[in-house]
>>> print(open('start00.pdb').read())   # PDB, C-alpha atoms
MODEL        1
ATOM      1  CA  MET A   6      12.215  14.319  -6.913
ATOM      2  CA  LYS A   7      10.027  15.637  -9.729
ATOM      3  CA  PHE A   8       6.306  15.692 -10.257
ATOM      4  CA  ARG A   9       5.792  13.750 -13.461
ATOM      5  CA  PHE A  10       2.917  11.547 -14.613
ATOM      6  CA  ASN A  11       3.809   7.897 -15.192
ATOM      7  CA  ALA A  12       1.126   5.977 -17.079
ATOM      8  CA  GLY A  13       2.548   2.547 -16.211
ATOM      9  CA  TYR A  14       2.335   3.138 -12.470
ATOM     10  CA  PHE A  15      -1.055   4.803 -12.920
ATOM     11  CA  TRP A  16      -2.499   1.698 -14.597
ATOM     12  CA  LEU A  17      -0.949  -0.522 -11.930
ATOM     13  CA  THR A  18      -2.569   1.718  -9.300
ATOM     14  CA  LEU A  19      -5.974   1.311 -10.931
ATOM     15  CA  LEU A  20      -5.552  -2.456 -11.261
ATOM     16  CA  LEU A  21      -4.518  -2.803  -7.619
ATOM     17  CA  PHE A  22      -7.345  -0.529  -6.468
ATOM     18  CA  VAL A  23      -9.940  -2.633  -8.313
ATOM     19  CA  THR A  24      -8.357  -5.776  -6.857
ATOM     20  CA  GLU A  25      -8.547  -4.338  -3.328
ATOM     21  CA  VAL A  26     -12.187  -3.328  -3.801
ATOM     22  CA  LEU A  27     -13.069  -6.800  -5.104
ATOM     23  CA  ILE A  28     -11.293  -8.400  -2.148
ATOM     24  CA  ALA A  29     -13.161  -6.114   0.275
ATOM     25  CA  LEU A  30     -16.536  -6.820  -1.330
ATOM     26  CA  TYR A  31     -16.347 -10.503  -2.177
ATOM     27  CA  VAL A  32     -13.615 -12.257  -0.226
ATOM     28  CA  HIS A  33     -14.485 -13.161   3.352
ATOM     29  CA  ASP A  34     -11.841 -15.668   4.327
ATOM     30  CA  ASP A  35      -9.035 -15.882   6.850
ATOM     31  CA  PHE A  36      -6.106 -15.438   4.466
ATOM     32  CA  VAL A  37      -6.690 -13.381   1.307
ATOM     33  CA  ARG A  38      -8.651 -10.552   2.859
ATOM     34  CA  PRO A  39      -6.498  -9.957   5.929
ATOM     35  CA  TYR A  40      -3.041 -10.820   4.591
ATOM     36  CA  VAL A  41      -3.049 -10.480   0.813
ATOM     37  CA  GLY A  42      -5.128  -7.296   1.077
ATOM     38  CA  ASP A  43      -2.579  -5.718   3.441
ATOM     39  CA  PHE A  44       0.309  -6.963   1.295
ATOM     40  CA  LEU A  45      -1.255  -5.361  -1.788
ATOM     41  CA  VAL A  46      -2.306  -2.078  -0.174
ATOM     42  CA  VAL A  47       1.283  -0.879   0.300
ATOM     43  CA  ILE A  48       2.024  -1.776  -3.310
ATOM     44  CA  LEU A  49      -1.073   0.192  -4.323
ATOM     45  CA  ILE A  50       0.098   3.248  -2.372
ATOM     46  CA  TYR A  51       3.630   2.902  -3.770
ATOM     47  CA  CYS A  52       2.314   2.731  -7.353
ATOM     48  CA  PHE A  53       0.049   5.718  -6.700
ATOM     49  CA  VAL A  54       2.977   7.819  -5.494
ATOM     50  CA  ARG A  55       5.173   6.681  -8.380
ATOM     51  CA  SER A  56       2.395   7.505 -10.854
ATOM     52  CA  CYS A  57       2.858  11.204 -10.125
ATOM     53  CA  VAL A  58       6.336  11.519  -8.556
ATOM     54  CA  GLU A  59       9.643  10.607 -10.146
ATOM     55  CA  ALA A  60      11.929   9.654  -7.284
ATOM     56  CA  PRO A  61      14.322   6.858  -6.332
ATOM     57  CA  VAL A  62      12.770   3.528  -5.372
ATOM     58  CA  LEU A  63      14.083   3.240  -1.828
ATOM     59  CA  PRO A  64      12.931   6.617  -0.431
ATOM     60  CA  VAL A  65       9.440   6.173  -1.905
ATOM     61  CA  ALA A  66       9.159   2.578  -0.725
ATOM     62  CA  LEU A  67      10.372   3.383   2.789
ATOM     63  CA  GLY A  68       8.115   6.441   2.939
ATOM     64  CA  VAL A  69       5.112   4.276   2.066
ATOM     65  CA  LEU A  70       6.156   1.727   4.674
ATOM     66  CA  VAL A  71       6.517   4.377   7.392
ATOM     67  CA  PHE A  72       3.124   5.842   6.406
ATOM     68  CA  SER A  73       1.567   2.376   6.695
ATOM     69  CA  TYR A  74       3.160   1.829  10.089
ATOM     70  CA  ILE A  75       1.825   5.190  11.288
ATOM     71  CA  VAL A  76      -1.709   4.272  10.205
ATOM     72  CA  GLU A  77      -1.374   0.942  12.026
ATOM     73  CA  VAL A  78      -0.130   2.690  15.197
ATOM     74  CA  MET A  79      -3.127   5.033  14.925
ATOM     75  CA  GLN A  80      -5.281   1.905  15.012
ATOM     76  CA  TYR A  81      -3.491   0.765  18.155
ATOM     77  CA  PHE A  82      -4.369   4.042  19.852
ATOM     78  CA  GLN A  83      -7.937   3.884  18.459
ATOM     79  CA  VAL A  84      -7.658   7.318  16.846
ATOM     80  CA  VAL A  85     -10.993   6.864  15.058
ATOM     81  CA  LYS A  86     -12.781   6.650  18.416
ATOM     82  CA  LEU A  87     -10.650   9.416  19.948
ATOM     83  CA  LEU A  88     -11.694  11.735  17.112
ATOM     84  CA  GLY A  89     -15.347  10.856  17.675
ATOM     85  CA  LEU A  90     -15.590   9.082  14.316
ATOM     86  CA  GLY A  91     -16.391   5.637  15.683
ATOM     87  CA  ASP A  92     -19.723   5.585  13.829
ATOM     88  CA  SER A  93     -18.174   6.680  10.536
ATOM     89  CA  ARG A  94     -17.862   3.742   8.153
ATOM     90  CA  LEU A  95     -15.474   5.739   5.959
ATOM     91  CA  ALA A  96     -13.138   6.569   8.875
ATOM     92  CA  ASN A  97     -13.181   2.947  10.023
ATOM     93  CA  VAL A  98     -12.319   1.719   6.521
ATOM     94  CA  VAL A  99      -9.656   4.335   5.717
ATOM     95  CA  ILE A 100      -7.904   4.482   9.098
ATOM     96  CA  GLY A 101      -9.076   1.166  10.480
ATOM     97  CA  ASN A 102      -9.767   0.248  14.049
ATOM     98  CA  HIS A 103      -7.831  -2.923  14.826
ATOM     99  CA  PHE A 104      -4.069  -3.041  15.376
ATOM    100  CA  SER A 105      -2.303  -6.217  14.265
ATOM    101  CA  TRP A 106       1.336  -7.219  14.143
ATOM    102  CA  SER A 107       0.486  -9.416  11.162
ATOM    103  CA  ASP A 108      -0.587  -6.265   9.286
ATOM    104  CA  MET A 109       2.833  -4.755   9.977
ATOM    105  CA  ALA A 110       4.462  -7.928   8.658
ATOM    106  CA  ALA A 111       2.271  -7.873   5.519
ATOM    107  CA  TYR A 112       3.191  -4.221   4.879
ATOM    108  CA  THR A 113       6.868  -5.026   5.310
ATOM    109  CA  LEU A 114       6.699  -8.002   2.943
ATOM    110  CA  GLY A 115       4.760  -5.949   0.378
ATOM    111  CA  ILE A 116       7.377  -3.202   0.350
ATOM    112  CA  ALA A 117      10.194  -5.756   0.295
ATOM    113  CA  GLY A 118       8.536  -7.250  -2.795
ATOM    114  CA  VAL A 119       8.322  -3.815  -4.402
ATOM    115  CA  ILE A 120      12.003  -3.125  -3.751
ATOM    116  CA  LEU A 121      13.067  -6.517  -5.100
ATOM    117  CA  LEU A 122      10.934  -6.117  -8.231
ATOM    118  CA  GLU A 123      12.115  -2.567  -8.877
ATOM    119  CA  TRP A 124      15.775  -3.440  -8.370
ATOM    120  CA  GLY A 125      15.330  -6.576 -10.489
ATOM    121  CA  TRP A 126      14.122  -4.400 -13.368
ATOM    122  CA  LYS A 127      17.242  -2.272 -13.132
ATOM    123  CA  ARG A 128      19.860  -5.036 -13.172
ATOM    124  CA  PRO A 129      21.945  -5.283 -16.355
ATOM    125  CA  GLY A 130      20.066  -6.995 -19.147
ATOM    126  CA  ALA A 131      16.687  -6.667 -17.422
ATOM    127  CA  ALA A 132      13.817  -4.780 -18.989
ATOM    128  CA  GLU A 133      13.242  -1.233 -17.748
ATOM    129  CA  PRO A 134      10.071  -0.575 -15.744
ATOM    130  CA  THR A 135       7.197   1.030 -17.599
ATOM    131  CA  ARG A 136       7.552   4.793 -17.678
TER     132      ARG A 136
ENDMDL
END
>>> encode(input="start00.pdb", output="structure tokens")
Amino acid sequence: MKFRFNAGYFWLTLLLFVTEVLIALYVHDDFVRPYVGDFLVVILIYCFVRSCVEAPVLPVALGVLVFSYIVEVMQYFQVVKLLGLGDSRLANVVIGNHFSWSDMAAYTLGIAGVILLEWGWKRPGAAEPTR
């Protein structure tokens, strides 16, 4: 693992971040916001890590997935309230306050998509990912 800036992943991170913000601000439905947003957030975190760390796909992807699971478990135990941050909008947005198995499924599918895309880029004859 090396710390190295990757412009391709950086631009993907920015694009995904803007997409997530737009979803949070303007989409108030029962599918895109809860499921697509959670699907995309793990891809956003993965791209962020890959924008500054050169490491194999699988360890980064699984690390992001475990991190996402931990945040979701923190929601189950209502850590925001336990820390006395229940009135903090920022804490409620960043950590969240509602556990959901469907969130875990969305995170898993998002990381599975990342792994499939990354491995697809590396198969013989396929284009290399942006570096």
>>> residues_around(input="start00.pdb", residues="Val37 (chain A)", least_positions_apart="6", cutoff="12 Å", atoms="only C-alpha atoms", output="short mmCIF file (atom, residue, chain, number, x, y, z; two decimals) with C-alpha atoms, in the frame of the given file")
data_model
loop_
_atom_site.label_atom_id
_atom_site.label_comp_id
_atom_site.auth_asym_id
_atom_site.auth_seq_id
_atom_site.Cartn_x
_atom_site.Cartn_y
_atom_site.Cartn_z
CA THR A 24 -8.36 -5.78 -6.86
CA GLU A 25 -8.55 -4.34 -3.33
CA LEU A 27 -13.07 -6.80 -5.10
CA ILE A 28 -11.29 -8.40 -2.15
CA ALA A 29 -13.16 -6.11 0.28
CA TYR A 31 -16.35 -10.50 -2.18
CA ASP A 43 -2.58 -5.72 3.44
CA PHE A 44 0.31 -6.96 1.30
CA LEU A 45 -1.25 -5.36 -1.79
CA ALA A 111 2.27 -7.87 5.52
#
>>> resolve_selection(input="start00.pdb", expression="the PyMOL selection byres ((chain A and resi 116) around 12)", output="PyMOL selection string")
chain A and resi 43-52+62-74+109-115+117-123
>>> write_last_selection(input="start00.pdb", atoms="C-alpha atoms", output="short mmCIF file (atom, residue, chain, number, x, y, z; two decimals), keeping the file's coordinate frame")
data_model
loop_
_atom_site.label_atom_id
_atom_site.label_comp_id
_atom_site.auth_asym_id
_atom_site.auth_seq_id
_atom_site.Cartn_x
_atom_site.Cartn_y
_atom_site.Cartn_z
CA ASP A 43 -2.58 -5.72 3.44
CA PHE A 44 0.31 -6.96 1.30
CA LEU A 45 -1.25 -5.36 -1.79
CA VAL A 46 -2.31 -2.08 -0.17
CA VAL A 47 1.28 -0.88 0.30
CA ILE A 48 2.02 -1.78 -3.31
CA LEU A 49 -1.07 0.19 -4.32
CA ILE A 50 0.10 3.25 -2.37
CA TYR A 51 3.63 2.90 -3.77
CA CYS A 52 2.31 2.73 -7.35
CA VAL A 62 12.77 3.53 -5.37
CA LEU A 63 14.08 3.24 -1.83
CA PRO A 64 12.93 6.62 -0.43
CA VAL A 65 9.44 6.17 -1.90
CA ALA A 66 9.16 2.58 -0.72
CA LEU A 67 10.37 3.38 2.79
CA GLY A 68 8.12 6.44 2.94
CA VAL A 69 5.11 4.28 2.07
CA LEU A 70 6.16 1.73 4.67
CA VAL A 71 6.52 4.38 7.39
CA PHE A 72 3.12 5.84 6.41
CA SER A 73 1.57 2.38 6.70
CA TYR A 74 3.16 1.83 10.09
CA MET A 109 2.83 -4.76 9.98
CA ALA A 110 4.46 -7.93 8.66
CA ALA A 111 2.27 -7.87 5.52
CA TYR A 112 3.19 -4.22 4.88
CA THR A 113 6.87 -5.03 5.31
CA LEU A 114 6.70 -8.00 2.94
CA GLY A 115 4.76 -5.95 0.38
CA ALA A 117 10.19 -5.76 0.30
CA GLY A 118 8.54 -7.25 -2.80
CA VAL A 119 8.32 -3.82 -4.40
CA ILE A 120 12.00 -3.12 -3.75
CA LEU A 121 13.07 -6.52 -5.10
CA LEU A 122 10.93 -6.12 -8.23
CA GLU A 123 12.12 -2.57 -8.88
#
>>> resolve_selection(input="start00.pdb", expression="the PyMOL selection byres ((chain A and resi 59) around 6)", output="VMD selection string")
chain A and resid 6 to 7 9 58 60
>>> atom_distance(input="start00.pdb", atom1="CA of Phe15 (chain A)", atom2="CA of Phe36 (chain A)")
27.2 Å
>>> residues_around(input="start00.pdb", residues="Val76 (chain A)", least_positions_apart="6", cutoff="12 Å", atoms="all atoms listed in the file", output="count of residues only")
20
>>> build_atoms(input="start00.pdb", residues="region 109-120 of chain A", atoms="all heavy atoms", output="PDB file, keeping the file's coordinate frame")
ATOM      1  N   MET A 109       1.502  -5.362  10.109  1.00  0.00           N
ATOM      2  CA  MET A 109       2.833  -4.755   9.977  1.00  0.00           C
ATOM      3  C   MET A 109       3.744  -5.670   9.154  1.00  0.00           C
ATOM      4  O   MET A 109       4.494  -5.194   8.300  1.00  0.00           O
ATOM      5  CB  MET A 109       3.449  -4.508  11.358  1.00  0.00           C
ATOM      6  CG  MET A 109       2.629  -3.604  12.246  1.00  0.00           C
ATOM      7  SD  MET A 109       2.830  -1.890  11.864  1.00  0.00           S
ATOM      8  CE  MET A 109       3.863  -1.391  13.206  1.00  0.00           C
ATOM      9  N   ALA A 110       3.654  -6.967   9.415  1.00  0.00           N
ATOM     10  CA  ALA A 110       4.462  -7.928   8.658  1.00  0.00           C
ATOM     11  C   ALA A 110       4.053  -7.925   7.185  1.00  0.00           C
ATOM     12  O   ALA A 110       4.917  -7.956   6.293  1.00  0.00           O
ATOM     13  CB  ALA A 110       4.316  -9.327   9.251  1.00  0.00           C
ATOM     14  N   ALA A 111       2.744  -7.888   6.912  1.00  0.00           N
ATOM     15  CA  ALA A 111       2.271  -7.873   5.519  1.00  0.00           C
ATOM     16  C   ALA A 111       2.743  -6.610   4.798  1.00  0.00           C
ATOM     17  O   ALA A 111       3.150  -6.674   3.633  1.00  0.00           O
ATOM     18  CB  ALA A 111       0.745  -7.985   5.471  1.00  0.00           C
ATOM     19  N   TYR A 112       2.698  -5.469   5.481  1.00  0.00           N
ATOM     20  CA  TYR A 112       3.191  -4.221   4.879  1.00  0.00           C
ATOM     21  C   TYR A 112       4.678  -4.340   4.556  1.00  0.00           C
ATOM     22  O   TYR A 112       5.120  -3.942   3.479  1.00  0.00           O
ATOM     23  CB  TYR A 112       2.993  -3.024   5.823  1.00  0.00           C
ATOM     24  CG  TYR A 112       1.584  -2.751   6.254  1.00  0.00           C
ATOM     25  CD1 TYR A 112       1.326  -2.158   7.481  1.00  0.00           C
ATOM     26  CD2 TYR A 112       0.487  -3.065   5.460  1.00  0.00           C
ATOM     27  CE1 TYR A 112       0.039  -1.884   7.900  1.00  0.00           C
ATOM     28  CE2 TYR A 112      -0.803  -2.802   5.876  1.00  0.00           C
ATOM     29  CZ  TYR A 112      -1.024  -2.205   7.101  1.00  0.00           C
ATOM     30  OH  TYR A 112      -2.292  -1.927   7.513  1.00  0.00           O
ATOM     31  N   THR A 113       5.423  -4.881   5.496  1.00  0.00           N
ATOM     32  CA  THR A 113       6.868  -5.026   5.310  1.00  0.00           C
ATOM     33  C   THR A 113       7.176  -5.950   4.132  1.00  0.00           C
ATOM     34  O   THR A 113       8.030  -5.633   3.292  1.00  0.00           O
ATOM     35  CB  THR A 113       7.521  -5.570   6.599  1.00  0.00           C
ATOM     36  OG1 THR A 113       7.186  -4.693   7.688  1.00  0.00           O
ATOM     37  CG2 THR A 113       9.019  -5.663   6.459  1.00  0.00           C
ATOM     38  N   LEU A 114       6.480  -7.067   4.054  1.00  0.00           N
ATOM     39  CA  LEU A 114       6.699  -8.002   2.943  1.00  0.00           C
ATOM     40  C   LEU A 114       6.285  -7.386   1.609  1.00  0.00           C
ATOM     41  O   LEU A 114       6.943  -7.602   0.588  1.00  0.00           O
ATOM     42  CB  LEU A 114       5.936  -9.304   3.193  1.00  0.00           C
ATOM     43  CG  LEU A 114       6.473 -10.171   4.326  1.00  0.00           C
ATOM     44  CD1 LEU A 114       5.529 -11.347   4.591  1.00  0.00           C
ATOM     45  CD2 LEU A 114       7.877 -10.659   4.012  1.00  0.00           C
ATOM     46  N   GLY A 115       5.201  -6.619   1.607  1.00  0.00           N
ATOM     47  CA  GLY A 115       4.760  -5.949   0.378  1.00  0.00           C
ATOM     48  C   GLY A 115       5.802  -4.981  -0.135  1.00  0.00           C
ATOM     49  O   GLY A 115       6.139  -4.966  -1.324  1.00  0.00           O
ATOM     50  N   ILE A 116       6.351  -4.167   0.759  1.00  0.00           N
ATOM     51  CA  ILE A 116       7.377  -3.202   0.350  1.00  0.00           C
ATOM     52  C   ILE A 116       8.674  -3.908  -0.025  1.00  0.00           C
ATOM     53  O   ILE A 116       9.356  -3.512  -0.980  1.00  0.00           O
ATOM     54  CB  ILE A 116       7.596  -2.146   1.453  1.00  0.00           C
ATOM     55  CG1 ILE A 116       6.385  -1.220   1.545  1.00  0.00           C
ATOM     56  CG2 ILE A 116       8.866  -1.351   1.209  1.00  0.00           C
ATOM     57  CD1 ILE A 116       6.070  -0.432   0.270  1.00  0.00           C
ATOM     58  N   ALA A 117       9.005  -4.980   0.676  1.00  0.00           N
ATOM     59  CA  ALA A 117      10.194  -5.756   0.295  1.00  0.00           C
ATOM     60  C   ALA A 117      10.023  -6.299  -1.121  1.00  0.00           C
ATOM     61  O   ALA A 117      10.962  -6.268  -1.921  1.00  0.00           O
ATOM     62  CB  ALA A 117      10.420  -6.900   1.287  1.00  0.00           C
ATOM     63  N   GLY A 118       8.826  -6.773  -1.440  1.00  0.00           N
ATOM     64  CA  GLY A 118       8.536  -7.250  -2.795  1.00  0.00           C
ATOM     65  C   GLY A 118       8.682  -6.148  -3.825  1.00  0.00           C
ATOM     66  O   GLY A 118       9.242  -6.359  -4.907  1.00  0.00           O
ATOM     67  N   VAL A 119       8.193  -4.967  -3.502  1.00  0.00           N
ATOM     68  CA  VAL A 119       8.322  -3.815  -4.402  1.00  0.00           C
ATOM     69  C   VAL A 119       9.797  -3.519  -4.673  1.00  0.00           C
ATOM     70  O   VAL A 119      10.217  -3.341  -5.815  1.00  0.00           O
ATOM     71  CB  VAL A 119       7.627  -2.562  -3.804  1.00  0.00           C
ATOM     72  CG1 VAL A 119       8.108  -1.290  -4.479  1.00  0.00           C
ATOM     73  CG2 VAL A 119       6.127  -2.680  -3.895  1.00  0.00           C
ATOM     74  N   ILE A 120      10.577  -3.452  -3.604  1.00  0.00           N
ATOM     75  CA  ILE A 120      12.003  -3.125  -3.751  1.00  0.00           C
ATOM     76  C   ILE A 120      12.704  -4.187  -4.596  1.00  0.00           C
ATOM     77  O   ILE A 120      13.475  -3.859  -5.511  1.00  0.00           O
ATOM     78  CB  ILE A 120      12.667  -2.967  -2.366  1.00  0.00           C
ATOM     79  CG1 ILE A 120      12.108  -1.724  -1.658  1.00  0.00           C
ATOM     80  CG2 ILE A 120      14.182  -2.884  -2.495  1.00  0.00           C
ATOM     81  CD1 ILE A 120      12.472  -1.632  -0.190  1.00  0.00           C
TER      82      ILE A 120
END
